[in-house]
$ cat upload_1.cif   # mmCIF, C-alpha atoms
data_work
loop_
_atom_site.label_atom_id
_atom_site.label_comp_id
_atom_site.auth_asym_id
_atom_site.auth_seq_id
_atom_site.Cartn_x
_atom_site.Cartn_y
_atom_site.Cartn_z
CA MET A 1 29.17 7.99 35.98
CA SER A 2 30.27 7.91 39.61
CA ARG A 3 33.69 8.21 41.21
CA GLU A 4 33.48 4.54 42.20
CA SER A 5 32.91 3.39 38.62
CA ALA A 6 35.45 5.74 36.99
CA LEU A 7 38.41 5.19 39.33
CA VAL A 8 40.09 2.08 40.70
CA SER A 9 42.68 1.84 43.45
CA ALA A 10 46.09 0.21 43.31
CA ASP A 11 44.71 -2.52 45.57
CA TRP A 12 41.89 -3.16 43.07
CA VAL A 13 44.37 -3.44 40.21
CA GLU A 14 46.57 -5.81 42.22
CA GLU A 15 43.57 -8.01 42.89
CA HIS A 16 42.01 -7.96 39.41
CA LYS A 17 44.87 -7.43 36.95
CA ASN A 18 44.83 -11.09 35.90
CA ASP A 19 41.06 -11.37 35.62
CA ALA A 20 39.56 -12.35 32.29
CA GLY A 21 37.88 -9.28 30.85
CA VAL A 22 40.18 -6.78 32.58
CA VAL A 23 42.74 -5.03 30.37
CA LEU A 24 45.43 -2.74 31.76
CA ILE A 25 46.74 -0.11 29.37
CA GLU A 26 49.63 2.26 30.07
CA VAL A 27 49.70 5.59 28.22
CA ASP A 28 52.57 7.95 29.04
CA GLU A 29 53.82 11.31 27.90
CA ASP A 30 57.27 9.72 28.08
CA VAL A 31 56.64 6.85 25.69
CA SER A 32 59.81 5.05 26.86
CA ALA A 33 58.51 4.68 30.43
CA TYR A 34 56.57 1.50 29.64
CA ASP A 35 59.63 -0.27 28.28
CA ALA A 36 61.59 0.56 31.44
CA GLY A 37 58.94 -1.15 33.55
CA HIS A 38 55.15 -1.48 33.73
CA ILE A 39 52.46 -3.28 35.70
CA ALA A 40 52.45 -6.98 34.85
CA GLY A 41 50.05 -7.72 32.00
CA ALA A 42 49.65 -4.09 30.93
CA ILE A 43 49.76 -3.30 27.23
CA LYS A 44 51.06 -0.05 25.80
CA LEU A 45 49.43 2.67 23.77
CA ASP A 46 51.69 5.34 22.32
CA TRP A 47 49.72 8.59 22.44
CA LYS A 48 51.46 9.94 19.36
CA ASP A 49 52.15 6.93 17.12
CA ASP A 50 49.01 4.96 17.97
CA LEU A 51 46.37 7.60 18.69
CA GLN A 52 47.25 10.43 16.29
CA ASP A 53 46.83 10.47 12.52
CA ALA A 54 50.26 10.59 10.89
CA VAL A 55 49.30 13.48 8.58
CA ARG A 56 46.27 15.30 9.95
CA ARG A 57 46.23 16.65 13.50
CA ASP A 58 43.32 14.48 14.48
CA PHE A 59 42.41 11.08 15.85
CA VAL A 60 42.96 7.93 13.87
CA ASN A 61 39.67 7.11 12.19
CA GLN A 62 37.05 4.62 13.35
CA GLU A 63 38.43 1.73 11.27
CA GLN A 64 42.02 2.43 12.34
CA PHE A 65 41.06 2.60 16.00
CA GLY A 66 39.19 -0.67 15.77
CA ALA A 67 42.23 -2.28 14.13
CA LEU A 68 44.54 -0.84 16.81
CA LEU A 69 42.56 -2.26 19.73
CA SER A 70 42.06 -5.54 17.88
CA ASP A 71 45.83 -5.81 17.50
CA ARG A 72 46.22 -5.19 21.24
CA GLY A 73 43.66 -7.87 22.03
CA VAL A 74 41.05 -5.54 23.54
CA LYS A 75 37.41 -6.62 23.30
CA ASN A 76 34.40 -4.34 23.32
CA GLU A 77 33.11 -5.87 26.54
CA ASP A 78 36.41 -5.58 28.43
CA THR A 79 36.94 -3.42 31.49
CA VAL A 80 39.79 -1.16 30.39
CA VAL A 81 41.94 0.30 33.19
CA LEU A 82 44.24 3.12 32.12
CA TYR A 83 47.21 4.55 33.93
CA GLY A 84 50.35 6.55 33.21
CA GLY A 85 52.84 9.11 34.43
CA ASN A 86 52.42 12.83 35.15
CA ASN A 87 49.40 12.13 37.36
CA ASN A 88 47.62 10.35 34.51
CA TRP A 89 47.78 13.14 31.89
CA PHE A 90 47.64 10.84 28.93
CA ALA A 91 45.70 8.12 30.71
CA ALA A 92 42.89 10.69 31.02
CA TYR A 93 43.37 11.61 27.36
CA ALA A 94 43.08 7.94 26.37
CA TYR A 95 39.99 7.61 28.59
CA TRP A 96 38.34 10.51 26.77
CA TYR A 97 39.48 9.02 23.45
CA LEU A 98 37.95 5.62 24.25
CA LYS A 99 34.70 7.36 25.17
CA ILE A 100 34.80 9.23 21.85
CA TYR A 101 34.71 5.84 20.14
CA GLY A 102 32.08 4.40 22.45
CA HIS A 103 33.88 2.01 24.81
CA GLN A 104 31.57 1.43 27.75
CA ASP A 105 33.67 0.29 30.72
CA VAL A 106 36.77 2.47 31.12
CA ARG A 107 38.47 3.35 34.40
CA ILE A 108 41.61 5.11 35.61
CA LEU A 109 44.06 3.86 38.21
CA ASP A 110 43.93 6.64 40.79
CA GLY A 111 47.45 7.97 41.18
CA GLY A 112 48.82 6.22 38.11
CA ARG A 113 52.44 5.09 37.87
CA GLN A 114 53.45 7.33 40.77
CA LYS A 115 51.05 5.73 43.24
CA TRP A 116 52.05 2.24 42.11
CA ALA A 117 55.74 3.06 42.54
CA ASP A 118 55.27 4.93 45.84
CA GLU A 119 53.72 1.79 47.31
CA SER A 120 56.69 -0.29 46.11
CA ARG A 121 54.51 -2.44 43.91
CA GLU A 122 56.12 -4.53 41.21
CA PHE A 123 56.99 -3.40 37.70
CA THR A 124 58.07 -5.78 34.95
CA THR A 125 59.71 -5.48 31.56
CA ASP A 126 57.92 -8.57 30.23
CA THR A 127 55.73 -7.58 27.30
CA PRO A 128 52.39 -9.42 27.00
CA GLN A 129 51.45 -10.99 23.70
CA PRO A 130 47.65 -10.69 23.55
CA ARG A 131 45.58 -12.74 21.16
CA GLN A 132 44.07 -10.77 18.25
CA SER A 133 40.51 -9.68 18.89
CA ASP A 134 37.76 -8.21 16.71
CA TYR A 135 37.22 -4.80 18.28
CA GLN A 136 34.46 -2.71 16.72
CA ALA A 137 34.90 1.01 17.33
CA GLY A 138 31.71 3.02 17.42
CA GLU A 139 30.88 6.22 15.59
CA ARG A 140 32.56 9.23 17.14
CA ASP A 141 30.67 10.83 20.02
CA GLU A 142 31.12 14.48 19.11
CA SER A 143 29.16 15.64 22.17
CA ILE A 144 32.29 15.53 24.34
CA ARG A 145 34.63 17.32 21.92
CA THR A 146 34.60 20.86 20.55
CA TYR A 147 36.38 22.91 17.88
CA ARG A 148 37.88 26.35 17.46
CA ASP A 149 34.97 28.02 15.65
CA THR A 150 32.53 26.88 18.31
CA VAL A 151 34.83 28.08 21.09
CA ARG A 152 35.19 31.47 19.45
CA GLY A 153 31.46 31.82 18.98
CA GLU A 154 30.75 31.06 22.62
CA ILE A 155 33.19 33.53 24.21
CA GLY A 156 31.37 35.59 26.81
CA GLU A 157 28.11 33.61 26.83
CA GLN A 158 26.83 33.50 30.40
CA SER A 159 25.56 29.93 30.08
CA LYS A 160 29.04 28.72 29.12
CA ALA A 161 32.23 28.30 31.11
CA LEU A 162 35.69 28.16 29.58
CA VAL A 163 38.50 26.62 31.63
CA ASP A 164 42.21 27.07 30.93
CA VAL A 165 43.89 24.20 32.78
CA ARG A 166 47.50 25.13 31.94
CA SER A 167 50.04 26.52 34.37
CA PRO A 168 49.62 30.12 35.61
CA GLN A 169 52.68 31.12 33.54
CA GLU A 170 51.10 29.82 30.34
CA TYR A 171 47.77 31.46 31.15
CA ALA A 172 49.47 34.82 31.78
CA GLY A 173 51.36 34.61 28.50
CA ASP A 174 54.82 34.31 30.04
CA LEU A 175 55.27 30.83 28.55
CA VAL A 176 53.72 28.95 25.61
CA ALA A 177 54.43 25.47 27.01
CA PRO A 178 54.60 24.02 30.53
CA PRO A 179 57.53 25.15 32.67
CA GLY A 180 60.58 23.03 31.93
CA TYR A 181 59.43 22.12 28.43
CA GLU A 182 60.73 23.48 25.15
CA GLN A 183 58.91 26.73 24.53
CA GLU A 184 57.41 26.05 21.13
CA GLY A 185 54.13 25.20 19.51
CA ALA A 186 52.44 28.59 19.23
CA GLN A 187 53.37 32.00 17.84
CA ARG A 188 51.37 33.85 20.47
CA ALA A 189 51.09 33.35 24.23
CA GLY A 190 48.21 34.12 26.55
CA HIS A 191 44.72 32.75 27.03
CA ILE A 192 41.29 32.79 25.41
CA PRO A 193 39.23 35.74 26.71
CA THR A 194 36.87 34.92 29.62
CA ALA A 195 38.67 31.64 30.41
CA ALA A 196 39.05 30.85 34.10
CA SER A 197 42.52 29.74 35.16
CA ILE A 198 42.20 26.44 37.03
CA PRO A 199 45.48 24.56 36.58
CA TRP A 200 44.97 20.83 36.24
CA ALA A 201 47.54 20.15 38.99
CA THR A 202 45.38 21.87 41.61
CA ALA A 203 42.94 18.96 41.32
CA VAL A 204 45.36 16.26 42.50
CA ARG A 205 47.15 15.48 45.75
CA ASP A 206 50.90 15.14 46.14
CA ASP A 207 50.65 11.38 45.59
CA GLY A 208 48.94 11.89 42.24
CA THR A 209 45.46 10.83 43.36
CA PHE A 210 42.43 13.00 42.73
CA LYS A 211 41.18 15.25 45.51
CA SER A 212 37.86 14.51 47.19
CA ALA A 213 34.61 15.41 45.46
CA ASP A 214 33.95 18.22 47.95
CA GLU A 215 37.41 19.70 47.37
CA LEU A 216 36.97 19.49 43.61
CA ARG A 217 33.54 21.12 43.68
CA GLU A 218 34.91 24.01 45.69
CA LEU A 219 37.85 24.37 43.30
CA TYR A 220 35.71 24.68 40.18
CA GLU A 221 32.58 26.34 41.52
CA SER A 222 34.63 29.09 43.17
CA LYS A 223 35.76 30.08 39.66
CA GLY A 224 32.24 30.05 38.20
CA VAL A 225 32.49 26.57 36.67
CA THR A 226 29.15 25.27 37.86
CA PRO A 227 27.16 22.16 36.89
CA GLU A 228 24.35 23.90 35.00
CA LYS A 229 26.77 25.46 32.50
CA GLN A 230 28.24 23.99 29.35
CA VAL A 231 31.92 23.71 30.20
CA THR A 232 34.84 23.65 27.75
CA ALA A 233 38.35 22.81 28.90
CA TYR A 234 41.55 23.46 26.99
CA CYS A 235 45.31 23.29 27.54
CA ARG A 236 48.17 23.13 25.02
CA ILE A 237 47.53 19.91 23.09
CA GLY A 238 44.46 18.42 24.79
CA GLU A 239 45.83 15.96 27.34
CA ARG A 240 45.74 18.15 30.47
CA SER A 241 42.28 19.37 29.48
CA ALA A 242 41.15 15.74 29.08
CA HIS A 243 42.25 15.30 32.71
CA THR A 244 39.96 18.19 33.72
CA TRP A 245 37.18 16.86 31.46
CA PHE A 246 37.44 13.54 33.31
CA ILE A 247 37.15 15.25 36.69
CA LEU A 248 34.14 17.37 35.76
CA ARG A 249 32.26 14.78 33.74
CA GLU A 250 33.13 11.49 35.42
CA LEU A 251 33.99 12.41 39.01
CA LEU A 252 31.63 15.36 39.61
CA GLY A 253 28.85 14.40 37.22
CA TYR A 254 28.68 17.60 35.16
CA GLU A 255 26.41 16.72 32.25
CA ASN A 256 27.81 18.97 29.52
CA VAL A 257 31.59 19.07 29.36
CA LYS A 258 33.70 19.27 26.22
CA ASN A 259 37.41 19.02 25.56
CA TYR A 260 38.85 21.51 23.07
CA ASP A 261 41.85 19.39 22.10
CA GLY A 262 43.00 21.84 19.44
CA SER A 263 43.88 23.90 22.51
CA TRP A 264 46.66 26.48 22.59
CA THR A 265 48.82 25.01 19.81
CA GLU A 266 45.88 25.74 17.52
CA TRP A 267 44.49 28.93 19.10
CA GLY A 268 47.91 30.55 19.54
CA ASN A 269 48.64 30.09 15.83
CA LEU A 270 45.32 31.25 14.39
CA VAL A 271 45.02 34.53 12.51
CA ASP A 272 42.52 37.06 13.87
CA VAL A 273 41.37 35.42 17.06
CA PRO A 274 41.18 37.22 20.41
CA ILE A 275 43.94 36.58 22.96
CA GLU A 276 44.42 38.07 26.41
CA THR A 277 47.52 38.11 28.61
CA GLY A 278 48.06 38.62 32.31
CA SER A 279 46.56 36.88 35.28
#
$ encode --input "upload_1.cif" --output "structure tokens"
Amino acid sequence: MSRESALVSADWVEEHKNDAGVVLIEVDEDVSAYDAGHIAGAIKLDWKDDLQDAVRRDFVNQEQFGALLSDRGVKNEDTVVLYGGNNNWFAAYAYWYLKIYGHQDVRILDGGRQKWADESREFTTDTPQPRQSDYQAGERDESIRTYRDTVRGEIGEQSKALVDVRSPQEYAGDLVAPPGYEQEGAQRAGHIPTAASIPWATAVRDDGTFKSADELRELYESKGVTPEKQVTAYCRIGERSAHTWFILRELLGYENVKNYDGSWTEWGNLVDVPIETGS
């Protein structure tokens, strides 16, 4: 994957948003944002109601995901362009999710909602009514996801790199959730031992777009996160770490990157796992 095939600009979206075979999908942390205004033709995915199992803390299954995208009118051969708020937190999560289930052509609008709004481009409240499709989700690609037992077993291995992408306050153990959010979700604060602190926000510019490839390489390699290593990213619930997964895998071409989406809400509640605090 190259930067050119993983990202699209606002100009590209403006030019191609009505093309047959191009599907815009908005995925926001604030699930009400879409209803207040979205790019014309974009459909909505609710990260919690649509993408999470109602009982188990896991994805919806293969059949459910196929039914979901069929209901939204998405076809397997479509170019899916994702965007959202918070510098594409959940757009990156949905990108990773679509790759888990094998969708081939997925891209992110560089800068997301912020970039679109900053350029005074049009939002609409008209909701599209797509025709039902017959989307066939693939088997899960488990090579880009990892789990708590694997993470614990790999702590300290020199061929591995663990990246904590949360805020410095969360990493240090001063907070258990991002600053400004309700401080809940884990009984313990801190970070997984040996994890490098590389906050996700350091990878984007003020306008929400991703930094250049050279800037990104310097950011990660200076903390020992180098291409020959197996890299695991984590955050609190998996969306910010999906953002870092996207950068490393899709923008920088790292070949072995995994998202630990159990992240701190799981690790900080486990019995008898190692936790460190401080910066």
$ resolve_selection --input "upload_1.cif" --expression "the PyMOL selection byres ((chain A and resi 217) around 12)" --output "number ranges by chain"
A: 203, 211-216, 218-227, 247-249, 251-254
$ residues_near_point --input "upload_1.cif" --point "(51.0, 37.5, 30.1)" --cutoff "10 Å" --atoms "all atoms listed in the file" --output "number ranges by chain"
A: 168-175, 189-191, 276-279
$ closest_atom_pairs --input "upload_1.cif" --of "region 171-252 of chain A" --to "region 98-105 of chain A" --cutoff "12 Å" --atoms "all atoms listed in the file" --output "Markdown table"
| residue | atom | partner | partner_atom | distance |
| --- | --- | --- | --- | --- |
| A:Ala242 | CA | A:Lys99 | CA | 11.3 |
| A:Trp245 | CA | A:Lys99 | CA | 11.7 |
| A:Phe246 | CA | A:Lys99 | CA | 10.6 |
| A:Arg249 | CA | A:Lys99 | CA | 11.6 |
| A:Glu250 | CA | A:Lys99 | CA | 11.2 |
$ residues_near_point --input "upload_1.cif" --point "(36.9, 8.1, 16.3)" --cutoff "12 Å" --atoms "all atoms listed in the file" --output "ChimeraX atom specification"
/A:51-53,58-68,94,96-103,136-142,144-145
$ atom_distance --input "upload_1.cif" --atom1 "CA of Pro130 (chain A)" --atom2 "CA of Val55 (chain A)"
28.5 Å
$ resolve_selection --input "upload_1.cif" --expression "the PyMOL selection byres ((chain A and resi 154-163) around 9)" --output "compact mmCIF listing (two decimals) with C-alpha atoms, keeping the file's coordinate frame"
# COMPACT_ATOMS: atom_id res chain seq x y z
CA ASP A 149 34.97 28.02 15.65
CA THR A 150 32.53 26.88 18.31
CA VAL A 151 34.83 28.08 21.09
CA ARG A 152 35.19 31.47 19.45
CA GLY A 153 31.46 31.82 18.98
CA ASP A 164 42.21 27.07 30.93
CA VAL A 165 43.89 24.20 32.78
CA ILE A 192 41.29 32.79 25.41
CA PRO A 193 39.23 35.74 26.71
CA THR A 194 36.87 34.92 29.62
CA ALA A 195 38.67 31.64 30.41
CA ALA A 196 39.05 30.85 34.10
CA SER A 197 42.52 29.74 35.16
CA ILE A 198 42.20 26.44 37.03
CA PRO A 199 45.48 24.56 36.58
CA GLY A 224 32.24 30.05 38.20
CA VAL A 225 32.49 26.57 36.67
CA THR A 226 29.15 25.27 37.86
CA GLU A 228 24.35 23.90 35.00
CA LYS A 229 26.77 25.46 32.50
CA GLN A 230 28.24 23.99 29.35
CA VAL A 231 31.92 23.71 30.20
CA THR A 232 34.84 23.65 27.75
CA ALA A 233 38.35 22.81 28.90
CA TYR A 234 41.55 23.46 26.99
CA CYS A 235 45.31 23.29 27.54
CA SER A 241 42.28 19.37 29.48
CA THR A 244 39.96 18.19 33.72
$ residues_around --input "upload_1.cif" --residues "region 26-30 of chain A" --least-positions-apart "4" --cutoff "8 Å" --atoms "only C-alpha atoms" --output "PyMOL selection string"
chain A and resi 34+38+42-47+82-86+88-91+94
$ atom_distance --input "upload_1.cif" --atom1 "CA of Arg72 (chain A)" --atom2 "CA of Ala6 (chain A)"
22.0 Å
$ build_atoms --input "upload_1.cif" --residues "region 166-177 of chain A" --atoms "N, CA, C and O atoms" --output "PDB file, in the frame of the given file"
ATOM      1  N   ARG A 166      46.036  25.078  31.991  1.00  0.00           N
ATOM      2  CA  ARG A 166      47.500  25.130  31.940  1.00  0.00           C
ATOM      3  C   ARG A 166      48.068  25.785  33.197  1.00  0.00           C
ATOM      4  O   ARG A 166      47.339  26.226  34.073  1.00  0.00           O
ATOM      5  N   SER A 167      49.380  25.873  33.231  1.00  0.00           N
ATOM      6  CA  SER A 167      50.040  26.520  34.370  1.00  0.00           C
ATOM      7  C   SER A 167      49.722  28.012  34.390  1.00  0.00           C
ATOM      8  O   SER A 167      49.375  28.607  33.360  1.00  0.00           O
ATOM      9  N   PRO A 168      49.849  28.662  35.549  1.00  0.00           N
ATOM     10  CA  PRO A 168      49.620  30.120  35.610  1.00  0.00           C
ATOM     11  C   PRO A 168      50.520  30.904  34.664  1.00  0.00           C
ATOM     12  O   PRO A 168      50.100  31.916  34.106  1.00  0.00           O
ATOM     13  N   GLN A 169      51.753  30.422  34.447  1.00  0.00           N
ATOM     14  CA  GLN A 169      52.680  31.120  33.540  1.00  0.00           C
ATOM     15  C   GLN A 169      52.199  31.070  32.092  1.00  0.00           C
ATOM     16  O   GLN A 169      52.333  32.043  31.343  1.00  0.00           O
ATOM     17  N   GLU A 170      51.640  29.925  31.699  1.00  0.00           N
ATOM     18  CA  GLU A 170      51.100  29.820  30.340  1.00  0.00           C
ATOM     19  C   GLU A 170      49.863  30.696  30.191  1.00  0.00           C
ATOM     20  O   GLU A 170      49.685  31.377  29.184  1.00  0.00           O
ATOM     21  N   TYR A 171      48.999  30.658  31.182  1.00  0.00           N
ATOM     22  CA  TYR A 171      47.770  31.460  31.150  1.00  0.00           C
ATOM     23  C   TYR A 171      48.104  32.949  31.026  1.00  0.00           C
ATOM     24  O   TYR A 171      47.477  33.680  30.237  1.00  0.00           O
ATOM     25  N   ALA A 172      49.103  33.396  31.782  1.00  0.00           N
ATOM     26  CA  ALA A 172      49.470  34.820  31.780  1.00  0.00           C
ATOM     27  C   ALA A 172      50.153  35.248  30.495  1.00  0.00           C
ATOM     28  O   ALA A 172      50.225  36.443  30.196  1.00  0.00           O
ATOM     29  N   GLY A 173      50.655  34.279  29.725  1.00  0.00           N
ATOM     30  CA  GLY A 173      51.360  34.610  28.500  1.00  0.00           C
ATOM     31  C   GLY A 173      52.864  34.706  28.663  1.00  0.00           C
ATOM     32  O   GLY A 173      53.568  35.108  27.733  1.00  0.00           O
ATOM     33  N   ASP A 174      53.379  34.300  29.820  1.00  0.00           N
ATOM     34  CA  ASP A 174      54.820  34.310  30.040  1.00  0.00           C
ATOM     35  C   ASP A 174      55.502  33.130  29.360  1.00  0.00           C
ATOM     36  O   ASP A 174      56.692  33.196  29.022  1.00  0.00           O
ATOM     37  N   LEU A 175      54.762  32.039  29.203  1.00  0.00           N
ATOM     38  CA  LEU A 175      55.270  30.830  28.550  1.00  0.00           C
ATOM     39  C   LEU A 175      54.236  30.347  27.541  1.00  0.00           C
ATOM     40  O   LEU A 175      53.043  30.649  27.667  1.00  0.00           O
ATOM     41  N   VAL A 176      54.673  29.566  26.544  1.00  0.00           N
ATOM     42  CA  VAL A 176      53.720  28.950  25.610  1.00  0.00           C
ATOM     43  C   VAL A 176      53.606  27.450  25.828  1.00  0.00           C
ATOM     44  O   VAL A 176      52.753  26.797  25.224  1.00  0.00           O
ATOM     45  N   ALA A 177      54.467  26.897  26.677  1.00  0.00           N
ATOM     46  CA  ALA A 177      54.430  25.470  27.010  1.00  0.00           C
ATOM     47  C   ALA A 177      54.651  25.339  28.516  1.00  0.00           C
ATOM     48  O   ALA A 177      55.048  26.305  29.181  1.00  0.00           O
TER      49      ALA A 177
END
